[in-house]
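Participant: Below is structure26.pdb; it holds PDB, C-alpha atoms.
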ATOM      1  CA  MET A   1      16.259   4.675   2.078
ATOM      2  CA  PHE A   2      12.931   6.512   2.201
ATOM      3  CA  GLN A   3       9.440   5.603   1.035
ATOM      4  CA  LEU A   4       6.308   7.510   0.084
ATOM      5  CA  ALA A   5       3.106   6.788   1.979
ATOM      6  CA  SER A   6      -0.478   7.913   2.338
ATOM      7  CA  PHE A   7      -1.746   8.177   5.894
ATOM      8  CA  ASP A   8      -4.344   9.715   8.185
ATOM      9  CA  ALA A   9      -3.608  11.261  11.556
ATOM     10  CA  GLY A  10      -7.199  12.282  12.223
ATOM     11  CA  GLN A  11      -7.536  15.218   9.847
ATOM     12  CA  GLY A  12      -8.022  13.333   6.585
ATOM     13  CA  PRO A  13      -5.670  11.614   4.137
ATOM     14  CA  VAL A  14      -2.297  13.182   3.399
ATOM     15  CA  MET A  15       0.904  11.936   1.776
ATOM     16  CA  GLY A  16       4.435  12.179   2.937
ATOM     17  CA  LEU A  17       7.673  10.399   3.663
ATOM     18  CA  TYR A  18       7.761   7.131   5.570
ATOM     19  CA  ARG A  19      10.719   5.493   7.269
ATOM     20  CA  GLN A  20      10.699   2.591   9.737
ATOM     21  CA  GLY A  21       7.192   3.332  10.980
ATOM     22  CA  ASP A  22       7.647   7.103  11.227
ATOM     23  CA  PHE A  23       5.516   9.523   9.178
ATOM     24  CA  TYR A  24       6.563  12.933   7.861
ATOM     25  CA  PRO A  25       3.759  14.857   6.110
ATOM     26  CA  SER A  26       4.708  16.526   2.859
ATOM     27  CA  GLN A  27       4.802  20.300   2.875
ATOM     28  CA  SER A  28       4.536  20.467  -0.921
ATOM     29  CA  TYR A  29       2.017  17.823  -2.050
ATOM     30  CA  LYS A  30      -1.457  17.030  -0.788
ATOM     31  CA  ASP A  31      -1.840  13.465  -2.075
ATOM     32  CA  MET A  32      -0.084  10.736  -4.029
ATOM     33  CA  MET A  33      -1.809  11.478  -7.309
ATOM     34  CA  GLU A  34      -0.464  15.030  -7.229
ATOM     35  CA  VAL A  35       3.008  13.599  -6.670
ATOM     36  CA  MET A  36       2.681  11.221  -9.614
ATOM     37  CA  SER A  37       1.287  13.909 -11.910
ATOM     38  CA  LYS A  38       4.385  16.023 -11.140
ATOM     39  CA  TRP A  39       6.915  13.203 -10.787
ATOM     40  CA  GLU A  40       9.684  14.939 -12.760
ATOM     41  CA  GLU A  41       9.675  17.710 -10.137
ATOM     42  CA  ALA A  42       8.531  15.694  -7.117
ATOM     43  CA  GLU A  43      11.220  13.025  -7.260
ATOM     44  CA  GLY A  44      13.999  15.516  -6.546
ATOM     45  CA  LYS A  45      12.001  17.524  -3.992
ATOM     46  CA  LEU A  46      11.060  14.455  -1.980
ATOM     47  CA  ALA A  47      14.606  13.097  -2.067
ATOM     48  CA  SER A  48      15.858  16.427  -0.694
ATOM     49  CA  ALA A  49      13.191  16.376   2.005
ATOM     50  CA  ALA A  50      14.175  12.810   2.912
ATOM     51  CA  ALA A  51      17.763  13.917   3.438
ATOM     52  CA  ARG A  52      16.467  16.339   6.106
ATOM     53  CA  MET A  53      14.101  13.924   7.861
ATOM     54  CA  SER A  54      16.344  13.721  10.926
ATOM     55  CA  GLU A  55      15.732  17.450  11.501
ATOM     56  CA  ARG A  56      11.957  16.946  11.853
ATOM     57  CA  GLU A  57       9.734  15.374  14.454
ATOM     58  CA  PRO A  58       7.707  12.491  13.006
ATOM     59  CA  LEU A  59       3.919  12.545  13.097
ATOM     60  CA  ARG A  60       2.535  10.326  15.862
ATOM     61  CA  GLY A  61      -0.523   8.082  15.773
ATOM     62  CA  ALA A  62      -0.991   8.040  12.004
ATOM     63  CA  GLN A  63      -2.756   5.210  10.204
ATOM     64  CA  LEU A  64      -1.374   3.885   6.944
ATOM     65  CA  LEU A  65      -3.712   4.027   3.964
ATOM     66  CA  ALA A  66      -3.418   2.492   0.511
ATOM     67  CA  PRO A  67      -0.373   4.237  -1.040
ATOM     68  CA  ILE A  68      -2.358   5.352  -4.079
ATOM     69  CA  ALA A  69      -6.085   4.991  -3.483
ATOM     70  CA  ARG A  70      -7.608   5.885  -6.840
ATOM     71  CA  PRO A  71      -5.138   5.560  -9.690
ATOM     72  CA  PRO A  72      -6.330   6.422 -13.199
ATOM     73  CA  ASN A  73      -6.085   2.749 -14.200
ATOM     74  CA  LEU A  74      -5.332  -0.544 -12.468
ATOM     75  CA  TYR A  75      -4.003  -3.261 -14.790
ATOM     76  CA  PHE A  76      -2.999  -6.803 -13.968
ATOM     77  CA  ALA A  77      -0.842  -9.217 -15.932
ATOM     78  CA  GLY A  78      -2.073 -12.793 -16.203
ATOM     79  CA  ALA A  79       0.047 -15.919 -15.668
ATOM     80  CA  ASN A  80       3.458 -14.262 -15.365
ATOM     81  CA  TYR A  81       5.490 -16.618 -13.140
ATOM     82  CA  HIS A  82       6.999 -19.871 -14.367
ATOM     83  CA  ASP A  83       6.276 -21.677 -11.087
ATOM     84  CA  HIS A  84       2.636 -20.532 -11.021
ATOM     85  CA  LEU A  85       2.088 -21.596 -14.632
ATOM     86  CA  ALA A  86       3.511 -25.025 -13.798
ATOM     87  CA  GLU A  87       1.288 -25.524 -10.750
ATOM     88  CA  MET A  88      -1.880 -24.406 -12.558
ATOM     89  CA  ALA A  89      -1.102 -26.620 -15.553
ATOM     90  CA  ARG A  90      -0.762 -29.543 -13.145
ATOM     91  CA  VAL A  91      -3.910 -28.799 -11.135
ATOM     92  CA  LEU A  92      -6.162 -27.828 -14.054
ATOM     93  CA  GLY A  93      -4.683 -30.099 -16.720
ATOM     94  CA  LEU A  94      -3.916 -27.176 -19.000
ATOM     95  CA  LYS A  95      -2.022 -27.551 -22.252
ATOM     96  CA  THR A  96      -0.533 -24.187 -23.139
ATOM     97  CA  PRO A  97       2.530 -23.104 -25.161
ATOM     98  CA  PRO A  98       5.731 -22.994 -23.067
ATOM     99  CA  PRO A  99       6.248 -19.595 -21.369
ATOM    100  CA  GLY A 100       8.317 -17.224 -23.456
ATOM    101  CA  THR A 101       7.503 -18.979 -26.747
ATOM    102  CA  PRO A 102       8.604 -16.620 -29.555
ATOM    103  CA  GLY A 103       5.702 -14.544 -30.828
ATOM    104  CA  LEU A 104       3.707 -14.702 -27.593
ATOM    105  CA  GLU A 105       3.093 -11.544 -25.596
ATOM    106  CA  PRO A 106       2.001 -10.772 -22.032
ATOM    107  CA  TRP A 107      -1.741 -10.427 -21.566
ATOM    108  CA  PHE A 108      -3.498  -7.902 -19.353
ATOM    109  CA  LEU A 109      -6.878  -7.163 -17.843
ATOM    110  CA  LEU A 110      -8.320  -4.253 -15.905
ATOM    111  CA  LYS A 111      -9.319  -4.362 -12.253
ATOM    112  CA  SER A 112     -11.622  -1.655 -10.899
ATOM    113  CA  THR A 113      -9.696   1.054  -9.034
ATOM    114  CA  SER A 114     -12.467   1.102  -6.416
ATOM    115  CA  THR A 115     -11.269  -2.325  -5.245
ATOM    116  CA  ILE A 116      -8.148  -0.814  -3.640
ATOM    117  CA  THR A 117      -7.975  -0.892   0.142
ATOM    118  CA  GLY A 118      -5.133  -0.259   2.569
ATOM    119  CA  PRO A 119      -3.170  -2.082   5.266
ATOM    120  CA  ASP A 120      -4.844  -3.429   8.422
ATOM    121  CA  THR A 121      -8.306  -3.348   6.887
ATOM    122  CA  THR A 122     -10.987  -6.044   6.740
ATOM    123  CA  VAL A 123     -11.924  -7.390   3.311
ATOM    124  CA  LEU A 124     -15.392  -8.902   3.297
ATOM    125  CA  ARG A 125     -15.700 -12.184   1.470
ATOM    126  CA  PRO A 126     -18.446 -11.641  -1.145
ATOM    127  CA  ALA A 127     -21.780 -13.261  -0.334
ATOM    128  CA  GLY A 128     -21.929 -16.802  -1.645
ATOM    129  CA  VAL A 129     -18.211 -17.005  -2.458
ATOM    130  CA  GLU A 130     -16.501 -20.105  -1.069
ATOM    131  CA  ARG A 131     -13.268 -20.042  -3.093
ATOM    132  CA  LEU A 132     -11.632 -16.714  -2.227
ATOM    133  CA  ASP A 133      -7.991 -16.925  -3.290
ATOM    134  CA  TRP A 134      -4.848 -14.897  -2.582
ATOM    135  CA  GLU A 135      -2.201 -13.607  -5.026
ATOM    136  CA  VAL A 136       0.736 -11.545  -3.747
ATOM    137  CA  GLU A 137       2.073  -9.285  -6.510
ATOM    138  CA  LEU A 138       4.659  -6.592  -7.117
ATOM    139  CA  ALA A 139       2.809  -3.417  -8.134
ATOM    140  CA  VAL A 140       4.402  -0.879 -10.476
ATOM    141  CA  ILE A 141       3.407   2.810 -10.299
ATOM    142  CA  ILE A 142       3.913   4.816 -13.479
ATOM    143  CA  GLY A 143       5.453   8.277 -13.045
ATOM    144  CA  ARG A 144       5.904   9.471 -16.618
ATOM    145  CA  PRO A 145       3.566   9.220 -19.655
ATOM    146  CA  CYS A 146       4.351   6.081 -21.553
ATOM    147  CA  SER A 147       3.374   5.150 -25.098
ATOM    148  CA  ARG A 148       5.079   2.600 -27.355
ATOM    149  CA  VAL A 149       8.257   2.543 -25.288
ATOM    150  CA  SER A 150      11.032   0.063 -25.870
ATOM    151  CA  VAL A 151      12.003  -2.523 -23.276
ATOM    152  CA  GLY A 152      15.268  -0.649 -22.772
ATOM    153  CA  ASP A 153      13.476   2.614 -21.930
ATOM    154  CA  ALA A 154      10.509   1.182 -20.017
ATOM    155  CA  LEU A 155      11.847   1.424 -16.457
ATOM    156  CA  ARG A 156      12.578   5.138 -16.912
ATOM    157  CA  HIS A 157       8.814   5.677 -16.723
ATOM    158  CA  VAL A 158       8.409   4.015 -13.310
ATOM    159  CA  ALA A 159       8.001   6.175 -10.213
ATOM    160  CA  GLY A 160       8.109   3.341  -7.727
ATOM    161  CA  TYR A 161       6.914  -0.021  -6.487
ATOM    162  CA  THR A 162       4.553  -1.291  -3.802
ATOM    163  CA  ILE A 163       2.810  -4.546  -2.789
ATOM    164  CA  ALA A 164      -0.671  -5.652  -3.827
ATOM    165  CA  ASN A 165      -2.838  -8.728  -3.389
ATOM    166  CA  ASP A 166      -4.919  -9.518  -6.471
ATOM    167  CA  LEU A 167      -7.703 -11.279  -4.578
ATOM    168  CA  SER A 168      -9.802 -13.571  -6.761
ATOM    169  CA  ALA A 169     -13.263 -15.097  -6.304
ATOM    170  CA  ARG A 170     -12.561 -18.346  -8.154
ATOM    171  CA  ASP A 171     -16.172 -19.526  -8.015
ATOM    172  CA  ARG A 172     -17.317 -16.337  -9.747
ATOM    173  CA  MET A 173     -15.015 -16.686 -12.744
ATOM    174  CA  LYS A 174     -17.749 -17.999 -15.062
ATOM    175  CA  ARG A 175     -21.473 -17.485 -15.469
ATOM    176  CA  PRO A 176     -23.119 -20.848 -14.728
ATOM    177  CA  TYR A 177     -25.885 -20.349 -17.297
ATOM    178  CA  GLU A 178     -23.438 -19.964 -20.215
ATOM    179  CA  ASP A 179     -21.760 -22.870 -21.956
ATOM    180  CA  SER A 180     -18.248 -23.178 -20.504
ATOM    181  CA  SER A 181     -16.724 -23.042 -23.990
ATOM    182  CA  SER A 182     -18.432 -19.747 -24.798
ATOM    183  CA  PRO A 183     -16.343 -16.538 -24.713
ATOM    184  CA  PHE A 184     -19.337 -14.981 -22.945
ATOM    185  CA  SER A 185     -19.026 -17.371 -20.007
ATOM    186  CA  TYR A 186     -16.238 -15.403 -18.280
ATOM    187  CA  ASP A 187     -17.191 -12.864 -15.622
ATOM    188  CA  TRP A 188     -14.037 -10.930 -14.822
ATOM    189  CA  LEU A 189     -15.951  -8.295 -12.869
ATOM    190  CA  GLN A 190     -17.229 -10.686 -10.196
ATOM    191  CA  HIS A 191     -14.014 -12.696 -10.315
ATOM    192  CA  LYS A 192     -11.573  -9.816  -9.819
ATOM    193  CA  SER A 193     -13.389  -6.560  -8.990
ATOM    194  CA  PHE A 194     -15.516  -7.158  -5.905
ATOM    195  CA  MET A 195     -15.209  -4.616  -3.063
ATOM    196  CA  GLY A 196     -11.811  -4.801  -1.359
ATOM    197  CA  ALA A 197     -10.326  -7.106  -4.008
ATOM    198  CA  CYS A 198      -7.010  -5.209  -4.146
ATOM    199  CA  PRO A 199      -5.370  -4.672  -0.739
ATOM    200  CA  MET A 200      -2.274  -2.519  -1.253
ATOM    201  CA  GLY A 201       0.552  -1.244   0.923
ATOM    202  CA  PRO A 202       2.414  -0.412   2.992
ATOM    203  CA  ALA A 203       4.222   2.323   1.019
ATOM    204  CA  ILE A 204       5.895   3.125  -2.297
ATOM    205  CA  THR A 205       9.617   2.563  -2.654
ATOM    206  CA  PRO A 206      10.925   4.958  -5.335
ATOM    207  CA  ALA A 207      12.365   3.106  -8.315
ATOM    208  CA  VAL A 208      15.758   4.727  -7.747
ATOM    209  CA  ASN A 209      15.996   2.750  -4.474
ATOM    210  CA  ILE A 210      15.422  -0.641  -6.150
ATOM    211  CA  PRO A 211      18.791  -1.739  -7.623
ATOM    212  CA  ASP A 212      17.311  -4.654  -9.583
ATOM    213  CA  VAL A 213      13.544  -5.121  -9.753
ATOM    214  CA  GLN A 214      14.095  -8.669 -11.068
ATOM    215  CA  LYS A 215      15.783  -9.754  -7.840
ATOM    216  CA  LEU A 216      13.110  -9.213  -5.188
ATOM    217  CA  GLY A 217      11.873 -11.953  -2.885
ATOM    218  CA  LEU A 218       8.126 -12.009  -2.275
ATOM    219  CA  LYS A 219       6.169 -14.020   0.293
ATOM    220  CA  LEU A 220       2.637 -14.465   1.584
ATOM    221  CA  TRP A 221       1.355 -16.026   4.791
ATOM    222  CA  VAL A 222      -2.178 -17.011   5.831
ATOM    223  CA  ASN A 223      -2.503 -17.119   9.617
ATOM    224  CA  ASP A 224       1.315 -17.194   9.820
ATOM    225  CA  VAL A 225       1.548 -20.246   7.532
ATOM    226  CA  LEU A 226       3.837 -19.534   4.574
ATOM    227  CA  MET A 227       1.902 -20.086   1.331
ATOM    228  CA  GLN A 228       3.884 -18.220  -1.343
ATOM    229  CA  ASP A 229       7.664 -17.869  -1.415
ATOM    230  CA  SER A 230       9.273 -16.856  -4.701
ATOM    231  CA  ASN A 231      11.297 -14.165  -6.441
ATOM    232  CA  THR A 232      10.655 -11.700  -9.250
ATOM    233  CA  ALA A 233      13.525 -13.440 -11.061
ATOM    234  CA  HIS A 234      10.964 -16.140 -11.912
ATOM    235  CA  MET A 235       8.726 -13.838 -13.950
ATOM    236  CA  VAL A 236       7.965 -15.007 -17.478
ATOM    237  CA  TYR A 237       8.072 -11.400 -18.730
ATOM    238  CA  SER A 238      10.196  -8.870 -16.842
ATOM    239  CA  VAL A 239       8.752  -5.643 -15.472
ATOM    240  CA  ALA A 240      10.341  -3.770 -18.389
ATOM    241  CA  GLU A 241       8.815  -6.196 -20.896
ATOM    242  CA  LEU A 242       5.382  -5.869 -19.282
ATOM    243  CA  ILE A 243       5.482  -2.068 -19.411
ATOM    244  CA  SER A 244       6.723  -2.012 -23.005
ATOM    245  CA  SER A 245       4.076  -4.484 -24.158
ATOM    246  CA  LEU A 246       1.232  -2.702 -22.362
ATOM    247  CA  SER A 247       2.376   0.710 -23.637
ATOM    248  CA  HIS A 248       1.971  -0.562 -27.208
ATOM    249  CA  LYS A 249      -1.700  -1.302 -26.468
ATOM    250  CA  VAL A 250      -2.659   1.736 -24.377
ATOM    251  CA  THR A 251      -1.010   4.975 -23.290
ATOM    252  CA  LEU A 252       0.091   4.665 -19.674
ATOM    253  CA  VAL A 253      -0.341   7.820 -17.608
ATOM    254  CA  PRO A 254       1.163   8.987 -14.308
ATOM    255  CA  GLY A 255      -0.420   7.168 -11.397
ATOM    256  CA  ASP A 256      -1.362   4.054 -13.376
ATOM    257  CA  VAL A 257      -0.724   0.840 -11.439
ATOM    258  CA  ILE A 258       0.332  -2.458 -13.026
ATOM    259  CA  LEU A 259       0.139  -5.696 -11.038
ATOM    260  CA  THR A 260       2.848  -7.963 -12.413
ATOM    261  CA  GLY A 261       1.546 -11.456 -11.694
ATOM    262  CA  THR A 262       1.681 -13.921  -8.803
ATOM    263  CA  PRO A 263       4.011 -16.854  -8.130
ATOM    264  CA  ALA A 264       3.141 -20.428  -7.132
ATOM    265  CA  GLY A 265       1.346 -21.223  -3.896
ATOM    266  CA  VAL A 266      -2.167 -19.900  -4.508
ATOM    267  CA  GLY A 267      -5.144 -21.515  -2.787
ATOM    268  CA  THR A 268      -6.499 -23.097  -5.956
ATOM    269  CA  ALA A 269      -3.387 -25.286  -6.232
ATOM    270  CA  ARG A 270      -3.772 -26.371  -2.597
ATOM    271  CA  GLY A 271      -7.541 -26.740  -2.432
ATOM    272  CA  VAL A 272      -7.519 -24.235   0.440
ATOM    273  CA  PHE A 273      -9.309 -20.888   0.380
ATOM    274  CA  LEU A 274      -9.658 -17.828   2.593
ATOM    275  CA  GLN A 275     -12.198 -17.957   5.413
ATOM    276  CA  PRO A 276     -13.657 -15.180   7.604
ATOM    277  CA  GLY A 277     -11.187 -14.362  10.352
ATOM    278  CA  ASP A 278      -8.103 -15.318   8.337
ATOM    279  CA  ARG A 279      -5.127 -12.963   8.522
ATOM    280  CA  VAL A 280      -3.177 -12.476   5.306
ATOM    281  CA  ARG A 281       0.336 -11.027   5.391
ATOM    282  CA  GLN A 282       2.377 -10.204   2.285
ATOM    283  CA  ALA A 283       5.960  -8.987   1.974
ATOM    284  CA  ILE A 284       8.399  -7.959  -0.762
ATOM    285  CA  GLU A 285      12.068  -7.120  -0.294
ATOM    286  CA  LEU A 286      12.940  -3.395  -0.116
ATOM    287  CA  ILE A 287       9.239  -2.493   0.120
ATOM    288  CA  GLY A 288       8.088  -3.997   3.413
ATOM    289  CA  GLU A 289       5.011  -5.905   4.456
ATOM    290  CA  PHE A 290       1.392  -5.389   5.463
ATOM    291  CA  GLU A 291      -1.545  -7.418   6.680
ATOM    292  CA  PHE A 292      -5.305  -7.527   6.226
ATOM    293  CA  THR A 293      -8.113  -9.656   7.647
ATOM    294  CA  VAL A 294     -10.891 -11.503   5.840
ATOM    295  CA  GLY A 295     -14.373 -10.699   7.136
TER     296      GLY A 295
END
Kindly transcribe the structure held in the file into structure tokens.
Facilitator:
Amino acid sequence: MFQLASFDAGQGPVMGLYRQGDFYPSQSYKDMMEVMSKWEEAEGKLASAAARMSEREPLRGAQLLAPIARPPNLYFAGANYHDHLAEMARVLGLKTPPPGTPGLEPWFLLKSTSTITGPDTTVLRPAGVERLDWEVELAVIIGRPCSRVSVGDALRHVAGYTIANDLSARDRMKRPYEDSSSPFSYDWLQHKSFMGACPMGPAITPAVNIPDVQKLGLKLWVNDVLMQDSNTAHMVYSVAELISSLSHKVTLVPGDVILTGTPAGVGTARGVFLQPGDRVRQAIELIGEFEFTVG
């Protein structure tokens, strides 16, 4: 199996093939967005190049970067794991319709693309924030234009998958001067789009190398303590259902990234939040793992 990665060996960011810690710069594409914009062509070319990797010397001393640093759009799905919905209902005393109730659809928000950062970086906790929370998520990268697609056709538009952490400043979710019942009280920008709020990595596994995207284990550790341990099988809406639903609201374009929700085990449910110096490691089957530090 091969992956696609963005990396820097001292001469600026490039993209290429990645296998077991070895880097092979692409001879055809300069960055990941070019690959995604030409995915119909690039998929075959990169697969052919991967078959010849053993004939090349890997690049030494490269540093992994975020797989796709500035996608056209960065969407995230809210409340999309049964176990997470159950824990938040318990902690917050929520009374919501049962997941999957007929007539209900997934809901989405936008996260600023400038929040994306790569592996082994330091994410600064925003000034005044005391409740910085973690959310490991499977990230979907769109490779083909996608508008009003059916659930059955949705996965054909996926180029690949990577790992993201949808970091959340829980104490910035609402404006304190607005009545809590007001629709104007929510502040999604400060809550979800502070600098560094979307660590992403380590690489992109092409969709063709994921036999069943609804059977992937995902985990997250804080300072080597396991906090989240679940499986994409526990999603309320499958990846295909998320893509189909979103494509009926907006046209998805190559390079768009969709974060598909987080499972149980977030800090809010535990009353524990990220502190400066904490190390956060996240992993998903068939994609790998990466770490970042809170500053």
Participant: Going by the chain IDs and residue numbers used in this file, which residues fall under the PyMOL selection byres ((chain A and resi 274) around 12)? Write them as a compact mmCIF listing (two decimals) with C-alpha atoms, in the frame of the given file.
Facilitator:
# COMPACT_ATOMS: atom_id res chain seq x y z
CA VAL A 123 -11.92 -7.39 3.31
CA LEU A 124 -15.39 -8.90 3.30
CA ARG A 125 -15.70 -12.18 1.47
CA PRO A 126 -18.45 -11.64 -1.14
CA VAL A 129 -18.21 -17.00 -2.46
CA GLU A 130 -16.50 -20.10 -1.07
CA ARG A 131 -13.27 -20.04 -3.09
CA LEU A 132 -11.63 -16.71 -2.23
CA ASP A 133 -7.99 -16.92 -3.29
CA TRP A 134 -4.85 -14.90 -2.58
CA GLU A 135 -2.20 -13.61 -5.03
CA LEU A 167 -7.70 -11.28 -4.58
CA SER A 168 -9.80 -13.57 -6.76
CA ALA A 169 -13.26 -15.10 -6.30
CA ARG A 170 -12.56 -18.35 -8.15
CA TRP A 221 1.36 -16.03 4.79
CA VAL A 222 -2.18 -17.01 5.83
CA ASN A 223 -2.50 -17.12 9.62
CA MET A 227 1.90 -20.09 1.33
CA VAL A 266 -2.17 -19.90 -4.51
CA GLY A 267 -5.14 -21.52 -2.79
CA THR A 268 -6.50 -23.10 -5.96
CA ARG A 270 -3.77 -26.37 -2.60
CA GLY A 271 -7.54 -26.74 -2.43
CA VAL A 272 -7.52 -24.24 0.44
CA PHE A 273 -9.31 -20.89 0.38
CA GLN A 275 -12.20 -17.96 5.41
CA PRO A 276 -13.66 -15.18 7.60
CA GLY A 277 -11.19 -14.36 10.35
CA ASP A 278 -8.10 -15.32 8.34
CA ARG A 279 -5.13 -12.96 8.52
CA VAL A 280 -3.18 -12.48 5.31
CA PHE A 292 -5.30 -7.53 6.23
CA THR A 293 -8.11 -9.66 7.65
CA VAL A 294 -10.89 -11.50 5.84
CA GLY A 295 -14.37 -10.70 7.14
Participant: Skip Arg144 in chain A itself and residues of its chain fewer than 2 positions away, then list as a CSV table (one decimal) with C-alpha atoms, in the frame of the given file all residues within 9 Å of it, counting all atoms listed in the file.
Facilitator:
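Saved the output as selection_21.csv:
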chain,number,residue,atom,x,y,z
A,36,MET,CA,2.7,11.2,-9.6
A,37,SER,CA,1.3,13.9,-11.9
A,38,LYS,CA,4.4,16.0,-11.1
A,39,TRP,CA,6.9,13.2,-10.8
A,40,GLU,CA,9.7,14.9,-12.8
A,142,ILE,CA,3.9,4.8,-13.5
A,146,CYS,CA,4.4,6.1,-21.6
A,156,ARG,CA,12.6,5.1,-16.9
A,157,HIS,CA,8.8,5.7,-16.7
A,158,VAL,CA,8.4,4.0,-13.3
A,159,ALA,CA,8.0,6.2,-10.2
A,252,LEU,CA,0.1,4.7,-19.7
A,253,VAL,CA,-0.3,7.8,-17.6
A,254,PRO,CA,1.2,9.0,-14.3
A,255,GLY,CA,-0.4,7.2,-11.4
Participant: Find the spatial neighbours of Ala47 in chain A, counting all atoms listed in the file, within a cut-off of 10 Å - ignore same-chain residues fewer than 3 positions away - and output them as a PyMOL selection string.
Facilitator: chain A and resi 1-3+17+42-44+50-53+206
Participant: Restricted to C-alpha atoms, what would the selected residues look like written as a tab-separated table (two decimals), in the frame of the given file?
Facilitator:
chain	number	residue	atom	x	y	z
A	1	MET	CA	16.26	4.68	2.08
A	2	PHE	CA	12.93	6.51	2.20
A	3	GLN	CA	9.44	5.60	1.03
A	17	LEU	CA	7.67	10.40	3.66
A	42	ALA	CA	8.53	15.69	-7.12
A	43	GLU	CA	11.22	13.02	-7.26
A	44	GLY	CA	14.00	15.52	-6.55
A	50	ALA	CA	14.18	12.81	2.91
A	51	ALA	CA	17.76	13.92	3.44
A	52	ARG	CA	16.47	16.34	6.11
A	53	MET	CA	14.10	13.92	7.86
A	206	PRO	CA	10.92	4.96	-5.34
Participant: Any idea what the distance is between CA of Gly152 in chain A and CA of Thr113 in chain A?
Facilitator: 28.5 Å
Participant: On this structure, which residues satisfy the PyMOL selection byres ((chain A and resi 246) around 12), written as an NGL selection string?
Facilitator: :A and (75-77 or 105-110 or 142 or 146-151 or 154 or 237 or 239-245 or 247-253 or 256-260)
Participant: Can you list, as a list in words, the residues that the PyMOL selection byres ((chain A and resi 284) around 8) selects here?
Facilitator: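 For this structure, the PyMOL selection byres ((chain A and resi 284) around 8) captures Leu138, Ile163, Leu216, Gly217, Leu218, Lys219, Gln282, Ala283, Glu285, Leu286, Ile287, Gly288 and Glu289 of chain A.
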Participant: I need every residue sitting at most 8 Å from the point (-4.1, 4.5, -2.7) (coordinates as in the file, only C-alpha atoms considered), written as a list in words.
Facilitator: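 In the file's frame, the residues around the point are Ser6, Met32, Leu65, Ala66, Pro67, Ile68, Ala69, Arg70, Pro71, Ile116, Thr117, Gly118 and Met200 of chain A.
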Participant: List the spatial neighbours of Glu137 in chain A as JSON, numbers by chain - criterion: any atom at most 6 Å away, all atoms listed in the file, same-chain residues fewer than 5 positions off excluded.
Facilitator: {"A": [164, 165, 261, 262]}
Participant: Skipping near chain neighbours, those fewer than 3 positions away, what residues fall within 6 Å of range 202-204 of chain A using only C-alpha atoms, listed as a PDB file with C-alpha atoms, in the coordinates of the input?
Facilitator:
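And here's out09.pdb as it stands now:
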ATOM      1  CA  GLN A   3       9.440   5.603   1.035  1.00  0.00           C
ATOM      2  CA  LEU A   4       6.308   7.510   0.084  1.00  0.00           C
ATOM      3  CA  ALA A   5       3.106   6.788   1.979  1.00  0.00           C
ATOM      4  CA  PRO A  67      -0.373   4.237  -1.040  1.00  0.00           C
ATOM      5  CA  GLY A 160       8.109   3.341  -7.727  1.00  0.00           C
ATOM      6  CA  TYR A 161       6.914  -0.021  -6.487  1.00  0.00           C
ATOM      7  CA  THR A 162       4.553  -1.291  -3.802  1.00  0.00           C
ATOM      8  CA  PHE A 290       1.392  -5.389   5.463  1.00  0.00           C
TER       9      PHE A 290
END
Participant: Would you mind reading off the distance between CA of Ile210 in chain A and CA of Pro25 in chain A, one decimal, in Å?
Facilitator: 22.9 Å
Participant: Find the smallest box with edges along x, y and z containing every listed atom of range 252-264 of chain A, then add 4 Å on each side and report centre and edge lengths in Å to one decimal, as AutoDock Vina command-line options.
Facilitator:
--center_x 1.3 --center_y -5.7 --center_z -13.4 --size_x 13.4 --size_y 37.4 --size_z 20.5
Participant: Quote the spacing between CA of His234 in chain A and CA of Tyr81 in chain A in Å to one decimal place.
Facilitator: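 Atom-to-atom, CA of His234 in chain A to CA of Tyr81 in chain A, that is 5.6 Å.
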Participant: Find the residue from A:Met173, A:Leu74, A:Val136, A:Leu64 that sits nearest to Asp22 in chain A; use all atoms listed in the file when measuring.
Facilitator: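 Under the stated criterion, the closest residue is A:Leu64.
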Participant: Got a sec to check which residues sit within 10 Å of (-7.0, 10.6, 10.7), counting all atoms listed in the file, and write them as a list of chain:residue names?
Facilitator: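 Output of the proximity query reads A:Phe7, A:Asp8, A:Ala9, A:Gly10, A:Gln11, A:Gly12, A:Pro13, A:Val14, A:Gly61, A:Ala62, A:Gln63, A:Leu64, A:Leu65.
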Participant: Given the selection you just returned, output its residues as a file containing C-alpha atoms, formatted as a PDB file, in the frame of the given file.
Facilitator:
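As a result, out_16.pdb now contains:
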ATOM      1  CA  PHE A   7      -1.746   8.177   5.894  1.00  0.00           C
ATOM      2  CA  ASP A   8      -4.344   9.715   8.185  1.00  0.00           C
ATOM      3  CA  ALA A   9      -3.608  11.261  11.556  1.00  0.00           C
ATOM      4  CA  GLY A  10      -7.199  12.282  12.223  1.00  0.00           C
ATOM      5  CA  GLN A  11      -7.536  15.218   9.847  1.00  0.00           C
ATOM      6  CA  GLY A  12      -8.022  13.333   6.585  1.00  0.00           C
ATOM      7  CA  PRO A  13      -5.670  11.614   4.137  1.00  0.00           C
ATOM      8  CA  VAL A  14      -2.297  13.182   3.399  1.00  0.00           C
ATOM      9  CA  GLY A  61      -0.523   8.082  15.773  1.00  0.00           C
ATOM     10  CA  ALA A  62      -0.991   8.040  12.004  1.00  0.00           C
ATOM     11  CA  GLN A  63      -2.756   5.210  10.204  1.00  0.00           C
ATOM     12  CA  LEU A  64      -1.374   3.885   6.944  1.00  0.00           C
ATOM     13  CA  LEU A  65      -3.712   4.027   3.964  1.00  0.00           C
TER      14      LEU A  65
END
Participant: Could you check the closest approach to His82 in chain A for each of A:Ser230, A:Glu291, A:Arg60, A:Asp224 and tell me which residue wins, using all atoms listed in the file?
Facilitator: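 Result for the nearest residue to His82 in chain A: A:Ser230.
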Participant: Skipping near chain neighbours, those fewer than 5 positions away, what residues fall within 7 Å of Gln214 in chain A using only C-alpha atoms, listed as a list in words?
Facilitator: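 The filter keeps Thr232, Ala233 and Ser238 of chain A.
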